[in-house]
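Notes follow once the structure below has been shown.
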Amino acid sequence: YPRNLKGDEIIMEARIMAVADVVEAMASHRPYRPALGIDATMEEIEKNRGILYDVAVADACLRLFREKGYNLLV
């Protein structure tokens, strides 16, 4: 991140946007590749939870899709 910000130094809104951007990018069709699907997307979020993505934000995203049945319309 700019200015070498880490963890709680990054505002919550930015941490949420980081996860949301990955979900949208991976689950959506791109001109250079088909959509990777929500399962692959959730695997990415889970695999990098606490590494690339904020733990609380990643957990909320995983719950939203896996437990609450949220469906991304792309």
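Ordering of the structure tokens sets the chain letters (A, B, ...); residue numbers start at 1 within each chain; ligands are numbered from 1 in the order shown.
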
Can you check which residues of chain A DSSP gives as strand (DSSP E or B) on the backbone and send them as a compact mmCIF listing (two decimals) with C-alpha atoms, in the first residue's frame?
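Produced file result_19.txt, reproduced below:
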```
# COMPACT_ATOMS: atom_id res chain seq x y z
CA ARG A 30 -13.04 -10.30 -18.88
CA ARG A 33 -10.63 -14.75 -19.96
CA ARG A 49 -7.28 -14.24 4.52
CA TYR A 53 -7.03 -9.44 2.88
```

Inset, instruction - With a distance cut-off of 10 Å and only C-alpha atoms, select the neighbouring residues of A:Glu13, excluding the residue or stretch itself and same-chain residues fewer than 4 positions from it, and output the selection as number ranges by chain. - result: A: 17-18, 57

Dump N, CA and C atoms for the selected residues as a compact mmCIF listing (two decimals), in the first residue's frame?
```txt
# COMPACT_ATOMS: atom_id res chain seq x y z
N MET A 17 -13.02 -2.46 0.10
CA MET A 17 -12.92 -2.31 -1.36
C MET A 17 -11.90 -3.28 -1.95
N ALA A 18 -10.84 -3.58 -1.23
CA ALA A 18 -9.83 -4.52 -1.74
C ALA A 18 -10.45 -5.90 -1.96
N VAL A 57 -12.87 -8.61 7.18
CA VAL A 57 -13.52 -8.36 5.88
C VAL A 57 -13.62 -9.66 5.09
```

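Minimum distance to A:Val19 across A:Leu62, A:Leu36, A:Leu72, A:Leu5 (counting only C-alpha atoms) occurs at A:Leu62.
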
For this session: Identify, on the basis of only C-alpha atoms, every residue whose closest approach to A:Ile16 does not exceed 12 Å; exclude the query and any residue fewer than 2 positions from it along the same chain; express the result as JSON, numbers by chain.
Result: {"A": [10, 11, 12, 13, 14, 18, 19, 20, 21, 22, 23, 52, 53, 54, 55, 56, 57, 58, 59, 60, 61]}

Export of prior selection with N, CA and C atoms as a compact mmCIF listing (two decimals), in the first residue's frame:
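Output (result.txt):
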```txt
# COMPACT_ATOMS: atom_id res chain seq x y z
N ILE A 10 -4.68 1.10 7.47
CA ILE A 10 -5.49 1.24 6.25
C ILE A 10 -6.94 1.38 6.69
N ILE A 11 -7.63 2.40 6.19
CA ILE A 11 -9.01 2.61 6.62
C ILE A 11 -9.88 1.42 6.21
N MET A 12 -10.88 1.15 7.03
CA MET A 12 -11.76 -0.01 6.82
C MET A 12 -12.38 0.01 5.43
N GLU A 13 -12.79 1.17 4.96
CA GLU A 13 -13.41 1.26 3.64
C GLU A 13 -12.47 0.73 2.55
N ALA A 14 -11.20 1.02 2.66
CA ALA A 14 -10.22 0.55 1.67
C ALA A 14 -10.03 -0.96 1.78
N ALA A 18 -10.84 -3.58 -1.23
CA ALA A 18 -9.83 -4.52 -1.74
C ALA A 18 -10.45 -5.90 -1.96
N VAL A 19 -11.24 -6.36 -1.00
CA VAL A 19 -11.89 -7.67 -1.13
C VAL A 19 -12.97 -7.61 -2.20
N ALA A 20 -13.78 -6.57 -2.18
CA ALA A 20 -14.86 -6.44 -3.17
C ALA A 20 -14.31 -6.40 -4.59
N ASP A 21 -13.19 -5.72 -4.78
CA ASP A 21 -12.57 -5.64 -6.10
C ASP A 21 -12.12 -7.01 -6.60
N VAL A 22 -11.54 -7.80 -5.72
CA VAL A 22 -11.10 -9.15 -6.09
C VAL A 22 -12.30 -10.02 -6.45
N VAL A 23 -13.35 -9.94 -5.64
CA VAL A 23 -14.55 -10.73 -5.91
C VAL A 23 -15.12 -10.38 -7.28
N LEU A 52 -3.26 -11.19 2.39
CA LEU A 52 -3.55 -10.07 1.49
C LEU A 52 -4.81 -9.32 1.89
N TYR A 53 -5.72 -10.01 2.55
CA TYR A 53 -7.03 -9.44 2.88
C TYR A 53 -7.24 -9.39 4.38
N ASP A 54 -7.87 -8.32 4.83
CA ASP A 54 -8.22 -8.17 6.24
C ASP A 54 -9.06 -9.36 6.70
N VAL A 55 -8.74 -9.90 7.87
CA VAL A 55 -9.42 -11.09 8.38
C VAL A 55 -10.92 -10.86 8.54
N ALA A 56 -11.31 -9.77 9.19
CA ALA A 56 -12.73 -9.50 9.43
C ALA A 56 -13.48 -9.30 8.12
N VAL A 57 -12.87 -8.61 7.18
CA VAL A 57 -13.52 -8.36 5.88
C VAL A 57 -13.62 -9.66 5.09
N ALA A 58 -12.56 -10.44 5.07
CA ALA A 58 -12.59 -11.72 4.37
C ALA A 58 -13.65 -12.64 4.97
N ASP A 59 -13.70 -12.70 6.30
CA ASP A 59 -14.71 -13.55 6.96
C ASP A 59 -16.12 -13.10 6.63
N ALA A 60 -16.35 -11.80 6.61
CA ALA A 60 -17.68 -11.28 6.27
C ALA A 60 -18.05 -11.65 4.84
N CYS A 61 -17.10 -11.54 3.93
CA CYS A 61 -17.33 -11.90 2.53
C CYS A 61 -17.64 -13.38 2.40
```

Atom CA of A:Glu46 to atom CA of A:Pro31 measures 26.0 Å

Report task. Tell me, as an MDAnalysis selection string, which residues lie within 10 Å of A:Ile38, counting only C-alpha atoms; anything in the same chain fewer than 5 positions away does not count. Result -> chainID A and resid 23:24 26:28 43:44 65:66 71:72

Expressed in Å, the length from atom CA of A:Thr41 to atom CA of A:Lys68 is 16.1 Å

Residues of chain A in alpha helix (DSSP H), written as a PyMOL selection string: chain A and resi 12-27+38-47+55-66

Write a file of the just-selected residues containing N, CA and C atoms, as a JSON list (two decimals), in the first residue's frame.
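Written out: selection.json:
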```json
[["chain", "number", "residue", "atom", "x", "y", "z"],
["A", 12, "MET", "N", -10.88, 1.15, 7.03],
["A", 12, "MET", "CA", -11.76, -0.01, 6.82],
["A", 12, "MET", "C", -12.38, 0.01, 5.43],
["A", 13, "GLU", "N", -12.79, 1.17, 4.96],
["A", 13, "GLU", "CA", -13.41, 1.26, 3.64],
["A", 13, "GLU", "C", -12.47, 0.73, 2.55],
["A", 14, "ALA", "N", -11.20, 1.02, 2.66],
["A", 14, "ALA", "CA", -10.22, 0.55, 1.67],
["A", 14, "ALA", "C", -10.03, -0.96, 1.78],
["A", 15, "ARG", "N", -10.06, -1.49, 2.99],
["A", 15, "ARG", "CA", -9.92, -2.94, 3.17],
["A", 15, "ARG", "C", -11.13, -3.66, 2.58],
["A", 16, "ILE", "N", -12.31, -3.07, 2.75],
["A", 16, "ILE", "CA", -13.52, -3.65, 2.16],
["A", 16, "ILE", "C", -13.44, -3.60, 0.64],
["A", 17, "MET", "N", -13.02, -2.46, 0.10],
["A", 17, "MET", "CA", -12.92, -2.31, -1.36],
["A", 17, "MET", "C", -11.90, -3.28, -1.95],
["A", 18, "ALA", "N", -10.84, -3.58, -1.23],
["A", 18, "ALA", "CA", -9.83, -4.52, -1.74],
["A", 18, "ALA", "C", -10.45, -5.90, -1.96],
["A", 19, "VAL", "N", -11.24, -6.36, -1.00],
["A", 19, "VAL", "CA", -11.89, -7.67, -1.13],
["A", 19, "VAL", "C", -12.97, -7.61, -2.20],
["A", 20, "ALA", "N", -13.78, -6.57, -2.18],
["A", 20, "ALA", "CA", -14.86, -6.44, -3.17],
["A", 20, "ALA", "C", -14.31, -6.40, -4.59],
["A", 21, "ASP", "N", -13.19, -5.72, -4.78],
["A", 21, "ASP", "CA", -12.57, -5.64, -6.10],
["A", 21, "ASP", "C", -12.12, -7.01, -6.60],
["A", 22, "VAL", "N", -11.54, -7.80, -5.72],
["A", 22, "VAL", "CA", -11.10, -9.15, -6.09],
["A", 22, "VAL", "C", -12.30, -10.02, -6.45],
["A", 23, "VAL", "N", -13.35, -9.94, -5.64],
["A", 23, "VAL", "CA", -14.55, -10.73, -5.91],
["A", 23, "VAL", "C", -15.12, -10.38, -7.28],
["A", 24, "GLU", "N", -15.28, -9.10, -7.54],
["A", 24, "GLU", "CA", -15.85, -8.68, -8.82],
["A", 24, "GLU", "C", -14.94, -9.05, -9.98],
["A", 25, "ALA", "N", -13.65, -8.84, -9.83],
["A", 25, "ALA", "CA", -12.70, -9.12, -10.91],
["A", 25, "ALA", "C", -12.64, -10.61, -11.25],
["A", 26, "MET", "N", -12.60, -11.45, -10.23],
["A", 26, "MET", "CA", -12.48, -12.89, -10.48],
["A", 26, "MET", "C", -13.79, -13.51, -10.96],
["A", 27, "ALA", "N", -14.91, -13.02, -10.45],
["A", 27, "ALA", "CA", -16.20, -13.63, -10.76],
["A", 27, "ALA", "C", -16.79, -13.12, -12.07],
["A", 38, "ILE", "N", -17.56, -18.13, -8.64],
["A", 38, "ILE", "CA", -17.59, -17.72, -7.24],
["A", 38, "ILE", "C", -16.83, -18.69, -6.35],
["A", 39, "ASP", "N", -16.81, -19.98, -6.69],
["A", 39, "ASP", "CA", -16.08, -20.95, -5.87],
["A", 39, "ASP", "C", -14.58, -20.65, -5.87],
["A", 40, "ALA", "N", -14.02, -20.40, -7.04],
["A", 40, "ALA", "CA", -12.60, -20.05, -7.14],
["A", 40, "ALA", "C", -12.32, -18.73, -6.43],
["A", 41, "THR", "N", -13.26, -17.82, -6.53],
["A", 41, "THR", "CA", -13.11, -16.53, -5.88],
["A", 41, "THR", "C", -13.08, -16.68, -4.36],
["A", 42, "MET", "N", -13.99, -17.48, -3.82],
["A", 42, "MET", "CA", -14.02, -17.69, -2.37],
["A", 42, "MET", "C", -12.78, -18.44, -1.89],
["A", 43, "GLU", "N", -12.26, -19.35, -2.71],
["A", 43, "GLU", "CA", -11.01, -20.04, -2.37],
["A", 43, "GLU", "C", -9.86, -19.04, -2.26],
["A", 44, "GLU", "N", -9.81, -18.10, -3.20],
["A", 44, "GLU", "CA", -8.78, -17.05, -3.18],
["A", 44, "GLU", "C", -8.88, -16.21, -1.91],
["A", 45, "ILE", "N", -10.08, -15.78, -1.57],
["A", 45, "ILE", "CA", -10.28, -14.96, -0.37],
["A", 45, "ILE", "C", -9.88, -15.75, 0.87],
["A", 46, "GLU", "N", -10.31, -17.01, 0.94],
["A", 46, "GLU", "CA", -9.99, -17.84, 2.11],
["A", 46, "GLU", "C", -8.49, -18.11, 2.22],
["A", 47, "LYS", "N", -7.86, -18.41, 1.10],
["A", 47, "LYS", "CA", -6.43, -18.74, 1.07],
["A", 47, "LYS", "C", -5.58, -17.56, 1.53],
["A", 55, "VAL", "N", -8.74, -9.90, 7.87],
["A", 55, "VAL", "CA", -9.42, -11.09, 8.38],
["A", 55, "VAL", "C", -10.92, -10.86, 8.54],
["A", 56, "ALA", "N", -11.31, -9.77, 9.19],
["A", 56, "ALA", "CA", -12.73, -9.50, 9.43],
["A", 56, "ALA", "C", -13.48, -9.30, 8.12],
["A", 57, "VAL", "N", -12.87, -8.61, 7.18],
["A", 57, "VAL", "CA", -13.52, -8.36, 5.88],
["A", 57, "VAL", "C", -13.62, -9.66, 5.09],
["A", 58, "ALA", "N", -12.56, -10.44, 5.07],
["A", 58, "ALA", "CA", -12.59, -11.72, 4.37],
["A", 58, "ALA", "C", -13.65, -12.64, 4.97],
["A", 59, "ASP", "N", -13.70, -12.70, 6.30],
["A", 59, "ASP", "CA", -14.71, -13.55, 6.96],
["A", 59, "ASP", "C", -16.12, -13.10, 6.63],
["A", 60, "ALA", "N", -16.35, -11.80, 6.61],
["A", 60, "ALA", "CA", -17.68, -11.28, 6.27],
["A", 60, "ALA", "C", -18.05, -11.65, 4.84],
["A", 61, "CYS", "N", -17.10, -11.54, 3.93],
["A", 61, "CYS", "CA", -17.33, -11.90, 2.53],
["A", 61, "CYS", "C", -17.64, -13.38, 2.40],
["A", 62, "LEU", "N", -16.86, -14.21, 3.05],
["A", 62, "LEU", "CA", -17.08, -15.66, 2.98],
["A", 62, "LEU", "C", -18.45, -16.04, 3.54],
["A", 63, "ARG", "N", -18.83, -15.44, 4.67],
["A", 63, "ARG", "CA", -20.16, -15.70, 5.24],
["A", 63, "ARG", "C", -21.27, -15.26, 4.31],
["A", 64, "LEU", "N", -21.09, -14.09, 3.71],
["A", 64, "LEU", "CA", -22.11, -13.54, 2.82],
["A", 64, "LEU", "C", -22.41, -14.49, 1.66],
["A", 65, "PHE", "N", -21.38, -15.03, 1.06],
["A", 65, "PHE", "CA", -21.58, -15.91, -0.09],
["A", 65, "PHE", "C", -21.88, -17.35, 0.31],
["A", 66, "ARG", "N", -21.19, -17.87, 1.30],
["A", 66, "ARG", "CA", -21.33, -19.29, 1.66],
["A", 66, "ARG", "C", -22.52, -19.57, 2.57]]
```
